[in-house]
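Text of the file final_16.txt, holding compact mmCIF, N, CA and C atoms:
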```txt
# COMPACT_ATOMS: atom_id res chain seq x y z
N MET B 1 52.34 196.63 167.28
CA MET B 1 52.87 197.58 166.30
C MET B 1 53.47 196.81 165.12
N SER B 2 53.10 197.21 163.90
CA SER B 2 53.62 196.50 162.75
C SER B 2 55.00 197.03 162.37
N GLU B 3 55.75 196.16 161.73
CA GLU B 3 57.14 196.42 161.39
C GLU B 3 57.22 197.28 160.12
N THR B 4 57.81 198.47 160.22
CA THR B 4 57.99 199.27 159.00
C THR B 4 59.31 198.88 158.36
N GLN B 5 59.40 199.12 157.07
CA GLN B 5 60.61 198.82 156.30
C GLN B 5 61.01 200.11 155.59
N GLN B 6 62.31 200.43 155.62
CA GLN B 6 62.79 201.63 154.92
C GLN B 6 63.27 201.26 153.53
N TYR B 7 62.90 202.10 152.56
CA TYR B 7 63.29 201.90 151.17
C TYR B 7 63.93 203.18 150.64
N VAL B 8 64.98 203.02 149.85
CA VAL B 8 65.55 204.13 149.11
C VAL B 8 64.78 204.18 147.79
N ILE B 9 64.23 205.36 147.49
CA ILE B 9 63.40 205.54 146.30
C ILE B 9 64.23 206.22 145.22
N PHE B 10 64.20 205.65 144.02
CA PHE B 10 64.97 206.22 142.91
C PHE B 10 64.17 206.10 141.63
N SER B 11 64.63 206.81 140.61
CA SER B 11 63.92 206.76 139.34
C SER B 11 64.86 206.32 138.22
N ILE B 12 64.25 205.66 137.26
CA ILE B 12 64.90 205.30 136.01
C ILE B 12 63.86 205.54 134.93
N ASN B 13 64.19 206.40 133.97
CA ASN B 13 63.27 206.69 132.87
C ASN B 13 61.90 207.15 133.39
N GLU B 14 61.93 207.99 134.42
CA GLU B 14 60.74 208.57 135.04
C GLU B 14 59.82 207.53 135.68
N GLN B 15 60.34 206.33 135.94
CA GLN B 15 59.60 205.32 136.67
C GLN B 15 60.23 205.23 138.07
N THR B 16 59.39 205.03 139.07
CA THR B 16 59.85 205.06 140.45
C THR B 16 60.02 203.65 141.00
N TYR B 17 61.18 203.42 141.62
CA TYR B 17 61.52 202.11 142.19
C TYR B 17 61.98 202.30 143.63
N GLY B 18 61.96 201.22 144.38
CA GLY B 18 62.46 201.24 145.75
C GLY B 18 63.28 200.00 146.04
N ILE B 19 64.33 200.18 146.85
CA ILE B 19 65.18 199.07 147.30
C ILE B 19 65.29 199.18 148.81
N GLU B 20 65.22 198.05 149.50
CA GLU B 20 65.40 198.06 150.96
C GLU B 20 66.71 198.74 151.31
N ILE B 21 66.65 199.66 152.24
CA ILE B 21 67.82 200.45 152.61
C ILE B 21 68.94 199.56 153.15
N LEU B 22 68.59 198.45 153.79
CA LEU B 22 69.60 197.57 154.37
C LEU B 22 70.46 196.87 153.31
N LYS B 23 69.99 196.81 152.07
CA LYS B 23 70.74 196.17 150.99
C LYS B 23 71.80 197.12 150.39
N ILE B 24 71.67 198.42 150.70
CA ILE B 24 72.54 199.42 150.08
C ILE B 24 73.76 199.67 150.95
N LYS B 25 74.93 199.59 150.33
CA LYS B 25 76.17 199.85 151.04
C LYS B 25 76.49 201.34 151.02
N GLU B 26 76.37 201.96 149.85
CA GLU B 26 76.60 203.40 149.73
C GLU B 26 76.09 203.90 148.40
N VAL B 27 76.07 205.22 148.28
CA VAL B 27 75.64 205.88 147.06
C VAL B 27 76.79 206.78 146.63
N VAL B 28 77.18 206.65 145.35
CA VAL B 28 78.28 207.48 144.85
C VAL B 28 77.83 208.19 143.59
N GLY B 29 78.47 209.30 143.31
CA GLY B 29 78.19 210.03 142.09
C GLY B 29 78.64 209.23 140.88
N TYR B 30 78.04 209.52 139.75
CA TYR B 30 78.41 208.82 138.52
C TYR B 30 79.87 209.11 138.22
N ARG B 31 80.58 208.11 137.78
CA ARG B 31 81.99 208.26 137.40
C ARG B 31 82.25 207.44 136.16
N LYS B 32 83.40 207.62 135.57
CA LYS B 32 83.75 206.90 134.35
C LYS B 32 83.71 205.39 134.63
N ILE B 33 83.02 204.69 133.75
CA ILE B 33 82.93 203.24 133.84
C ILE B 33 83.82 202.66 132.75
N THR B 34 84.71 201.76 133.15
CA THR B 34 85.61 201.12 132.19
C THR B 34 84.90 199.91 131.59
N PRO B 35 84.64 199.96 130.28
CA PRO B 35 83.97 198.81 129.67
C PRO B 35 84.92 197.62 129.61
N LEU B 36 84.36 196.43 129.66
CA LEU B 36 85.14 195.21 129.54
C LEU B 36 84.83 194.57 128.19
N PRO B 37 85.81 193.90 127.60
CA PRO B 37 85.53 193.27 126.29
C PRO B 37 84.49 192.17 126.44
N ASN B 38 83.66 192.05 125.43
CA ASN B 38 82.65 190.98 125.35
C ASN B 38 81.66 190.96 126.51
N MET B 39 81.43 192.10 127.15
CA MET B 39 80.42 192.12 128.22
C MET B 39 79.06 192.08 127.56
N ARG B 40 78.19 191.26 128.12
CA ARG B 40 76.88 191.07 127.52
C ARG B 40 75.82 191.89 128.24
N GLY B 41 74.84 192.29 127.45
CA GLY B 41 73.61 192.83 128.00
C GLY B 41 73.77 194.06 128.87
N PHE B 42 73.29 193.94 130.09
CA PHE B 42 73.12 195.09 130.96
C PHE B 42 74.40 195.47 131.72
N ILE B 43 75.46 194.68 131.62
CA ILE B 43 76.68 195.01 132.37
C ILE B 43 77.41 196.12 131.63
N LYS B 44 77.63 197.26 132.32
CA LYS B 44 78.27 198.41 131.71
C LYS B 44 79.78 198.31 131.76
N GLY B 45 80.31 197.71 132.84
CA GLY B 45 81.76 197.63 132.99
C GLY B 45 82.12 197.63 134.46
N ILE B 46 83.26 198.25 134.77
CA ILE B 46 83.75 198.26 136.15
C ILE B 46 84.15 199.68 136.56
N ILE B 47 84.12 199.91 137.87
CA ILE B 47 84.62 201.17 138.43
C ILE B 47 85.61 200.82 139.55
N ASN B 48 86.45 201.79 139.87
CA ASN B 48 87.37 201.66 141.00
C ASN B 48 86.80 202.53 142.11
N LEU B 49 86.39 201.89 143.19
CA LEU B 49 85.84 202.62 144.33
C LEU B 49 86.79 202.44 145.51
N ARG B 50 87.60 203.45 145.72
CA ARG B 50 88.61 203.43 146.80
C ARG B 50 89.45 202.16 146.78
N GLY B 51 89.92 201.80 145.58
CA GLY B 51 90.81 200.65 145.46
C GLY B 51 90.11 199.32 145.24
N VAL B 52 88.78 199.30 145.29
CA VAL B 52 88.03 198.06 145.07
C VAL B 52 87.38 198.15 143.68
N VAL B 53 87.61 197.14 142.86
CA VAL B 53 87.02 197.11 141.53
C VAL B 53 85.63 196.48 141.63
N LEU B 54 84.62 197.23 141.19
CA LEU B 54 83.24 196.76 141.26
C LEU B 54 82.61 196.70 139.88
N PRO B 55 81.87 195.63 139.58
CA PRO B 55 81.09 195.63 138.35
C PRO B 55 79.90 196.58 138.50
N VAL B 56 79.52 197.20 137.39
CA VAL B 56 78.39 198.14 137.39
C VAL B 56 77.42 197.69 136.31
N PHE B 57 76.14 197.67 136.66
CA PHE B 57 75.18 197.33 135.62
C PHE B 57 74.08 198.36 135.50
N ASP B 58 73.40 198.25 134.38
CA ASP B 58 72.45 199.24 133.93
C ASP B 58 71.04 198.65 133.98
N LEU B 59 70.23 199.13 134.94
CA LEU B 59 68.86 198.61 135.06
C LEU B 59 68.01 198.98 133.85
N ARG B 60 68.38 200.07 133.15
CA ARG B 60 67.62 200.43 131.94
C ARG B 60 67.62 199.27 130.96
N LYS B 61 68.79 198.70 130.75
CA LYS B 61 68.89 197.57 129.82
C LYS B 61 68.16 196.35 130.38
N LYS B 62 68.33 196.10 131.66
CA LYS B 62 67.69 194.94 132.30
C LYS B 62 66.17 195.03 132.16
N PHE B 63 65.63 196.24 132.29
CA PHE B 63 64.18 196.43 132.24
C PHE B 63 63.67 196.83 130.85
N ASN B 64 64.54 196.72 129.84
CA ASN B 64 64.16 197.06 128.46
C ASN B 64 63.64 198.49 128.33
N LEU B 65 64.31 199.43 128.98
CA LEU B 65 63.95 200.84 128.89
C LEU B 65 64.89 201.52 127.88
N PRO B 66 64.49 202.68 127.34
CA PRO B 66 65.36 203.36 126.37
C PRO B 66 66.71 203.71 127.00
N GLU B 67 67.76 203.61 126.19
CA GLU B 67 69.10 203.97 126.67
C GLU B 67 69.20 205.48 126.82
N THR B 68 70.18 205.91 127.59
CA THR B 68 70.41 207.33 127.79
C THR B 68 71.91 207.59 127.81
N THR B 69 72.28 208.84 127.66
CA THR B 69 73.67 209.23 127.84
C THR B 69 73.83 209.60 129.30
N TYR B 70 74.74 208.94 129.97
CA TYR B 70 74.92 209.20 131.40
C TYR B 70 75.70 210.49 131.61
N THR B 71 75.31 211.21 132.65
CA THR B 71 75.91 212.50 132.98
C THR B 71 76.34 212.47 134.44
N PRO B 72 77.06 213.51 134.90
CA PRO B 72 77.42 213.57 136.32
C PRO B 72 76.21 213.63 137.25
N PHE B 73 75.01 213.87 136.71
CA PHE B 73 73.81 213.93 137.55
C PHE B 73 73.26 212.55 137.87
N HIS B 74 73.73 211.53 137.16
CA HIS B 74 73.30 210.16 137.45
C HIS B 74 74.01 209.69 138.72
N THR B 75 73.51 208.60 139.28
CA THR B 75 74.01 208.09 140.56
C THR B 75 74.28 206.60 140.43
N ILE B 76 75.27 206.13 141.17
CA ILE B 76 75.53 204.69 141.25
C ILE B 76 75.22 204.26 142.68
N ILE B 77 74.30 203.30 142.81
CA ILE B 77 73.98 202.73 144.12
C ILE B 77 74.83 201.47 144.27
N VAL B 78 75.66 201.45 145.30
CA VAL B 78 76.49 200.27 145.57
C VAL B 78 75.72 199.39 146.54
N MET B 79 75.49 198.15 146.13
CA MET B 79 74.67 197.26 146.96
C MET B 79 75.20 195.85 146.90
N GLU B 80 74.67 195.05 147.80
CA GLU B 80 75.03 193.64 147.80
C GLU B 80 73.87 192.86 147.19
N ILE B 81 74.19 192.12 146.13
CA ILE B 81 73.19 191.30 145.45
C ILE B 81 73.69 189.86 145.49
N SER B 82 72.95 189.00 146.13
CA SER B 82 73.31 187.58 146.22
C SER B 82 74.76 187.40 146.69
N GLY B 83 75.15 188.17 147.69
CA GLY B 83 76.48 188.03 148.28
C GLY B 83 77.59 188.71 147.52
N ARG B 84 77.26 189.43 146.44
CA ARG B 84 78.28 190.13 145.65
C ARG B 84 78.03 191.63 145.72
N VAL B 85 79.10 192.41 145.86
CA VAL B 85 78.96 193.86 145.91
C VAL B 85 79.11 194.39 144.48
N MET B 86 78.14 195.21 144.06
CA MET B 86 78.18 195.78 142.72
C MET B 86 77.45 197.11 142.69
N GLY B 87 77.62 197.82 141.60
CA GLY B 87 76.97 199.11 141.43
C GLY B 87 75.85 199.02 140.42
N VAL B 88 74.82 199.83 140.64
CA VAL B 88 73.69 199.93 139.74
C VAL B 88 73.49 201.40 139.41
N ILE B 89 73.41 201.73 138.11
CA ILE B 89 73.23 203.12 137.69
C ILE B 89 71.74 203.47 137.73
N VAL B 90 71.41 204.61 138.38
CA VAL B 90 70.03 205.10 138.38
C VAL B 90 70.04 206.57 137.98
N ASP B 91 68.89 207.07 137.54
CA ASP B 91 68.81 208.46 137.12
C ASP B 91 68.96 209.40 138.31
N GLU B 92 68.19 209.14 139.36
CA GLU B 92 68.33 209.96 140.57
C GLU B 92 67.68 209.27 141.75
N ILE B 93 68.21 209.58 142.93
CA ILE B 93 67.60 209.10 144.16
C ILE B 93 66.76 210.24 144.69
N SER B 94 65.50 209.94 145.03
CA SER B 94 64.60 211.02 145.41
C SER B 94 64.28 211.04 146.89
N ASP B 95 64.34 209.89 147.58
CA ASP B 95 63.79 209.88 148.93
C ASP B 95 64.17 208.60 149.65
N VAL B 96 63.97 208.60 150.94
CA VAL B 96 63.96 207.38 151.75
C VAL B 96 62.60 207.37 152.42
N VAL B 97 61.85 206.28 152.24
CA VAL B 97 60.51 206.22 152.83
C VAL B 97 60.39 205.01 153.73
N GLU B 98 59.53 205.13 154.72
CA GLU B 98 59.18 204.00 155.57
C GLU B 98 57.82 203.51 155.12
N LEU B 99 57.74 202.21 154.85
CA LEU B 99 56.47 201.64 154.43
C LEU B 99 56.01 200.62 155.47
N LEU B 100 54.76 200.72 155.84
CA LEU B 100 54.13 199.73 156.70
C LEU B 100 53.73 198.54 155.82
N PRO B 101 53.59 197.34 156.40
CA PRO B 101 53.18 196.19 155.59
C PRO B 101 51.91 196.46 154.78
N GLU B 102 50.96 197.21 155.35
CA GLU B 102 49.71 197.47 154.61
C GLU B 102 49.91 198.47 153.47
N GLU B 103 51.09 199.12 153.38
CA GLU B 103 51.38 200.03 152.28
C GLU B 103 52.10 199.33 151.13
N VAL B 104 52.26 198.01 151.24
CA VAL B 104 52.90 197.23 150.19
C VAL B 104 51.88 196.23 149.65
N GLN B 105 51.59 196.36 148.36
CA GLN B 105 50.62 195.47 147.71
C GLN B 105 51.38 194.34 147.02
N ALA B 106 50.86 193.15 147.12
CA ALA B 106 51.47 191.98 146.48
C ALA B 106 51.44 192.12 144.97
N THR B 107 52.38 191.47 144.29
CA THR B 107 52.42 191.53 142.83
C THR B 107 51.38 190.63 142.18
N SER B 108 50.73 189.77 142.97
CA SER B 108 49.73 188.86 142.40
C SER B 108 48.53 189.62 141.82
N ASN B 109 48.35 190.87 142.24
CA ASN B 109 47.23 191.67 141.73
C ASN B 109 47.54 192.38 140.42
N LEU B 110 48.79 192.26 139.95
CA LEU B 110 49.17 192.95 138.71
C LEU B 110 48.64 192.18 137.51
N PRO B 111 48.48 192.88 136.37
CA PRO B 111 47.95 192.21 135.17
C PRO B 111 48.89 191.09 134.70
N PRO B 112 48.32 190.08 134.02
CA PRO B 112 49.17 189.02 133.48
C PRO B 112 50.15 189.60 132.47
N GLY B 113 51.32 188.99 132.37
CA GLY B 113 52.32 189.47 131.41
C GLY B 113 53.32 190.42 132.03
N VAL B 114 53.04 190.96 133.20
CA VAL B 114 53.99 191.85 133.87
C VAL B 114 55.07 190.98 134.52
N GLN B 115 56.34 191.31 134.25
CA GLN B 115 57.43 190.54 134.85
C GLN B 115 57.53 190.88 136.33
N THR B 116 57.16 189.93 137.17
CA THR B 116 57.16 190.20 138.61
C THR B 116 58.25 189.44 139.35
N GLU B 117 59.09 188.68 138.62
CA GLU B 117 60.03 187.83 139.33
C GLU B 117 61.03 188.60 140.19
N TYR B 118 61.34 189.86 139.85
CA TYR B 118 62.24 190.61 140.72
C TYR B 118 61.54 191.74 141.46
N MET B 119 60.25 191.59 141.66
CA MET B 119 59.50 192.58 142.44
C MET B 119 59.12 192.01 143.79
N LYS B 120 59.29 192.82 144.83
CA LYS B 120 58.80 192.45 146.16
C LYS B 120 57.34 192.81 146.31
N GLY B 121 56.97 193.89 145.63
CA GLY B 121 55.59 194.37 145.71
C GLY B 121 55.51 195.78 145.15
N ILE B 122 54.36 196.39 145.33
CA ILE B 122 54.14 197.78 144.92
C ILE B 122 53.94 198.59 146.19
N GLY B 123 54.80 199.58 146.39
CA GLY B 123 54.68 200.45 147.56
C GLY B 123 53.71 201.58 147.28
N LYS B 124 52.87 201.90 148.28
CA LYS B 124 51.89 202.98 148.13
C LYS B 124 52.13 203.97 149.26
N LYS B 125 52.56 205.17 148.91
CA LYS B 125 52.78 206.22 149.90
C LYS B 125 52.03 207.45 149.42
N GLU B 126 51.00 207.81 150.14
CA GLU B 126 50.11 208.90 149.73
C GLU B 126 49.63 208.62 148.31
N TYR B 127 49.99 209.48 147.34
CA TYR B 127 49.50 209.26 145.98
C TYR B 127 50.55 208.64 145.07
N GLU B 128 51.71 208.33 145.63
CA GLU B 128 52.79 207.81 144.80
C GLU B 128 52.86 206.28 144.89
N LEU B 129 53.09 205.67 143.72
CA LEU B 129 53.31 204.22 143.66
C LEU B 129 54.76 203.98 143.28
N MET B 130 55.36 202.95 143.86
CA MET B 130 56.74 202.62 143.53
C MET B 130 56.89 201.10 143.42
N VAL B 131 57.66 200.67 142.45
CA VAL B 131 57.94 199.24 142.28
C VAL B 131 59.06 198.90 143.26
N LEU B 132 58.76 198.01 144.19
CA LEU B 132 59.76 197.60 145.18
C LEU B 132 60.50 196.38 144.64
N LEU B 133 61.81 196.53 144.46
CA LEU B 133 62.61 195.48 143.85
C LEU B 133 63.12 194.49 144.89
N ASP B 134 63.11 193.23 144.53
CA ASP B 134 63.72 192.19 145.35
C ASP B 134 65.14 192.01 144.80
N ILE B 135 66.08 192.69 145.42
CA ILE B 135 67.44 192.78 144.91
C ILE B 135 68.07 191.40 144.73
N ASP B 136 67.83 190.48 145.65
CA ASP B 136 68.48 189.18 145.54
C ASP B 136 67.93 188.34 144.40
N ARG B 137 66.80 188.74 143.84
CA ARG B 137 66.25 188.01 142.69
C ARG B 137 66.39 188.79 141.40
N LEU B 138 67.07 189.94 141.48
CA LEU B 138 67.21 190.82 140.31
C LEU B 138 68.06 190.17 139.22
N LEU B 139 69.07 189.41 139.61
CA LEU B 139 69.94 188.79 138.63
C LEU B 139 69.75 187.29 138.65
N SER B 140 69.69 186.71 137.47
CA SER B 140 69.54 185.25 137.35
C SER B 140 70.89 184.59 137.68
N PRO B 141 70.89 183.29 137.97
CA PRO B 141 72.17 182.59 138.21
C PRO B 141 73.14 182.75 137.03
N GLU B 142 72.62 182.77 135.79
CA GLU B 142 73.48 182.94 134.61
C GLU B 142 74.10 184.34 134.60
N GLU B 143 73.29 185.35 134.95
CA GLU B 143 73.81 186.72 134.97
C GLU B 143 74.85 186.88 136.07
N LEU B 144 74.64 186.23 137.20
CA LEU B 144 75.62 186.29 138.29
C LEU B 144 76.93 185.64 137.85
N GLU B 145 76.85 184.55 137.07
CA GLU B 145 78.07 183.92 136.56
C GLU B 145 78.83 184.87 135.64
N ILE B 146 78.10 185.60 134.79
CA ILE B 146 78.74 186.57 133.89
C ILE B 146 79.46 187.63 134.72
N LEU B 147 78.79 188.12 135.78
CA LEU B 147 79.42 189.12 136.63
C LEU B 147 80.64 188.55 137.35
N ASP B 148 80.55 187.32 137.80
CA ASP B 148 81.70 186.69 138.46
C ASP B 148 82.88 186.61 137.50
N ALA B 149 82.60 186.34 136.23
CA ALA B 149 83.67 186.25 135.23
C ALA B 149 84.32 187.61 135.03
N ALA B 150 83.53 188.68 135.24
CA ALA B 150 84.08 190.04 135.08
C ALA B 150 85.07 190.31 136.18
```
How does the structure come out when it is put into structure tokens?
Amino acid sequence: MSETQQYVIFSINEQTYGIEILKIKEVVGYRKITPLPNMRGFIKGIINLRGVVLPVFDLRKKFNLPETTYTPFHTIIVMEISGRVMGVIVDEISDVVELLPEEVQATSNLPPGVQTEYMKGIGKKEYELMVLLDIDRLLSPEELEILDAA
């Protein structure tokens, strides 16, 4: 029997992504994010989650997608990335799916020029395709240093 993997499926700018469920600590509703001075790029700021201050970042900026005005309908996924707990803003979480190894296609088959460094693969479930993110490779060492400084 082959090993299935569970992924939380979410969307950003009508694009579908998946993250291994084991990487996710919790999901919280969107809340006010306190901006920090001189924060660069995709880092939105910090939130207070039951007394713990967490940095929050915006995958839209990281993936060069159009900006949006965040509403209470957006979601923050709290996850561990490279040993650090942080929040990531997504438009909505749609599902949890189990994927068999044969339902995950390698990124080597994608066209040249596609940024694949933070992709685990492409998930195929029935007629839906989802970009499976490799959370531990999502942030570069420089970006992790910026977050540590926050």
Selected residue, from B:Leu139, B:Leu99, B:Leu144, B:Ile24, that lies nearest to Tyr7 (chain B) when counting all atoms listed in the file: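 Using all atoms listed in the file, Tyr7 (chain B) sits closest to B:Leu99.
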For atom N of Ser11 (chain B) and atom N of Val104 (chain B), quote the distance in Å rounded to one decimal. 18.5 Å
Take CA of Ile93 (chain B) and atom N of Ile9 (chain B) and report the distance between them in Å, one decimal.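 Atom-to-atom, CA of Ile93 (chain B) to atom N of Ile9 (chain B), that is 6.0 Å.
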Can you list, as a PyMOL selection string, every protein, DNA or RNA residue that comes within 7 Å of region 49-62 of chain B when you count only C-alpha atoms, leaving out same-chain residues fewer than 6 positions away? chain B and resi 12+41-43+85-89+147
Closest of B:Tyr30, B:Ile47, B:Ser94, B:Val8 to Phe73 (chain B) - atom-to-atom distances counting only N, CA and C atoms: B:Tyr30
One decimal, Å: what's the distance from atom N of Asn64 (chain B) over to atom C of Ile21 (chain B), could you say?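 If I compute the distance from atom N of Asn64 (chain B) to atom C of Ile21 (chain B), I get 23.9 Å.
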Residues within 8 Å of Leu100 (chain B), please, as a PDB file with N, CA and C atoms, in the frame of the given file. Count only N, CA and C atoms; anything in the same chain fewer than 6 positions from it doesn't count.
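The file below, selection_38.pdb, is the result:
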```pdb
ATOM      1  N   SER B   2      53.100 197.210 163.900  1.00  0.00           N
ATOM      2  CA  SER B   2      53.620 196.500 162.750  1.00  0.00           C
ATOM      3  C   SER B   2      55.000 197.030 162.370  1.00  0.00           C
ATOM      4  N   GLU B   3      55.750 196.160 161.730  1.00  0.00           N
ATOM      5  CA  GLU B   3      57.140 196.420 161.390  1.00  0.00           C
ATOM      6  C   GLU B   3      57.220 197.280 160.120  1.00  0.00           C
ATOM      7  N   THR B   4      57.810 198.470 160.220  1.00  0.00           N
ATOM      8  CA  THR B   4      57.990 199.270 159.000  1.00  0.00           C
ATOM      9  C   THR B   4      59.310 198.880 158.360  1.00  0.00           C
ATOM     10  N   GLN B   5      59.400 199.120 157.070  1.00  0.00           N
ATOM     11  CA  GLN B   5      60.610 198.820 156.300  1.00  0.00           C
ATOM     12  C   GLN B   5      61.010 200.110 155.590  1.00  0.00           C
ATOM     13  N   GLN B   6      62.310 200.430 155.620  1.00  0.00           N
ATOM     14  CA  GLN B   6      62.790 201.630 154.920  1.00  0.00           C
ATOM     15  C   GLN B   6      63.270 201.260 153.530  1.00  0.00           C
ATOM     16  N   LYS B 124      52.870 201.900 148.280  1.00  0.00           N
ATOM     17  CA  LYS B 124      51.890 202.980 148.130  1.00  0.00           C
ATOM     18  C   LYS B 124      52.130 203.970 149.260  1.00  0.00           C
TER      19      LYS B 124
END
```
Apply DSSP to the backbone of this structure and, from region 21-146 of chain B, keep only the residues in alpha helix (DSSP H); write these as an mmCIF file with N, CA and C atoms, in the frame of the given file.
```
data_model
loop_
_atom_site.group_PDB
_atom_site.id
_atom_site.type_symbol
_atom_site.label_atom_id
_atom_site.label_comp_id
_atom_site.auth_asym_id
_atom_site.auth_seq_id
_atom_site.Cartn_x
_atom_site.Cartn_y
_atom_site.Cartn_z
ATOM 1 N N LEU B 59 70.230 199.130 134.940
ATOM 2 C CA LEU B 59 68.860 198.610 135.060
ATOM 3 C C LEU B 59 68.010 198.980 133.850
ATOM 4 N N ARG B 60 68.380 200.070 133.150
ATOM 5 C CA ARG B 60 67.620 200.430 131.940
ATOM 6 C C ARG B 60 67.620 199.270 130.960
ATOM 7 N N LYS B 61 68.790 198.700 130.750
ATOM 8 C CA LYS B 61 68.890 197.570 129.820
ATOM 9 C C LYS B 61 68.160 196.350 130.380
ATOM 10 N N LYS B 62 68.330 196.100 131.660
ATOM 11 C CA LYS B 62 67.690 194.940 132.300
ATOM 12 C C LYS B 62 66.170 195.030 132.160
ATOM 13 N N PRO B 141 70.890 183.290 137.970
ATOM 14 C CA PRO B 141 72.170 182.590 138.210
ATOM 15 C C PRO B 141 73.140 182.750 137.030
ATOM 16 N N GLU B 142 72.620 182.770 135.790
ATOM 17 C CA GLU B 142 73.480 182.940 134.610
ATOM 18 C C GLU B 142 74.100 184.340 134.600
ATOM 19 N N GLU B 143 73.290 185.350 134.950
ATOM 20 C CA GLU B 143 73.810 186.720 134.970
ATOM 21 C C GLU B 143 74.850 186.880 136.070
ATOM 22 N N LEU B 144 74.640 186.230 137.200
ATOM 23 C CA LEU B 144 75.620 186.290 138.290
ATOM 24 C C LEU B 144 76.930 185.640 137.850
ATOM 25 N N GLU B 145 76.850 184.550 137.070
ATOM 26 C CA GLU B 145 78.070 183.920 136.560
ATOM 27 C C GLU B 145 78.830 184.870 135.640
ATOM 28 N N ILE B 146 78.100 185.600 134.790
ATOM 29 C CA ILE B 146 78.740 186.570 133.890
ATOM 30 C C ILE B 146 79.460 187.630 134.720
#
```
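Candidate residues B:Glu20, B:Thr107, B:Val28, B:Val131 were compared for distance to Val90 (chain B), and the nearest is B:Val28, using only C-alpha atoms.
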Expected answer as a PyMOL selection string: strand (DSSP E) residues in chain B: chain B and resi 5-12+15-20+24-29+43-49+52-58+75-81+84-90+92-99+104-105+119-125+128-133
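Distances here use only C-alpha atoms; by that measure, the residue among B:Glu142, B:Asp136, B:Phe63, B:Tyr70 closest to Val114 (chain B) is B:Phe63.
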From the coordinates supplied, region 117-138 of chain B should be written with C-alpha atoms, as an mmCIF file, in the first residue's frame.
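Below is the file out_24.cif, written as the result:
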```cif
data_model
loop_
_atom_site.group_PDB
_atom_site.id
_atom_site.type_symbol
_atom_site.label_atom_id
_atom_site.label_comp_id
_atom_site.auth_asym_id
_atom_site.auth_seq_id
_atom_site.Cartn_x
_atom_site.Cartn_y
_atom_site.Cartn_z
ATOM 1 C CA GLU B 117 12.229 26.235 -5.950
ATOM 2 C CA TYR B 118 9.396 26.275 -3.403
ATOM 3 C CA MET B 119 7.212 23.672 -5.071
ATOM 4 C CA LYS B 120 7.002 20.051 -3.962
ATOM 5 C CA GLY B 121 5.049 19.139 -7.057
ATOM 6 C CA ILE B 122 1.690 19.464 -8.773
ATOM 7 C CA GLY B 123 -1.190 17.617 -7.119
ATOM 8 C CA LYS B 124 -3.829 16.056 -9.372
ATOM 9 C CA LYS B 125 -7.182 15.189 -7.818
ATOM 10 C CA GLU B 126 -9.903 14.340 -10.321
ATOM 11 C CA TYR B 127 -9.952 17.401 -12.605
ATOM 12 C CA GLU B 128 -8.326 19.832 -10.201
ATOM 13 C CA LEU B 129 -4.642 20.767 -10.205
ATOM 14 C CA MET B 130 -2.944 22.317 -7.193
ATOM 15 C CA VAL B 131 0.557 23.680 -6.645
ATOM 16 C CA LEU B 132 1.987 21.814 -3.659
ATOM 17 C CA LEU B 133 4.286 24.120 -1.716
ATOM 18 C CA ASP B 134 7.458 23.021 0.021
ATOM 19 C CA ILE B 135 7.003 25.174 3.107
ATOM 20 C CA ASP B 136 10.558 24.781 4.386
ATOM 21 C CA ARG B 137 11.915 26.160 1.108
ATOM 22 C CA LEU B 138 9.350 28.953 0.813
#
```
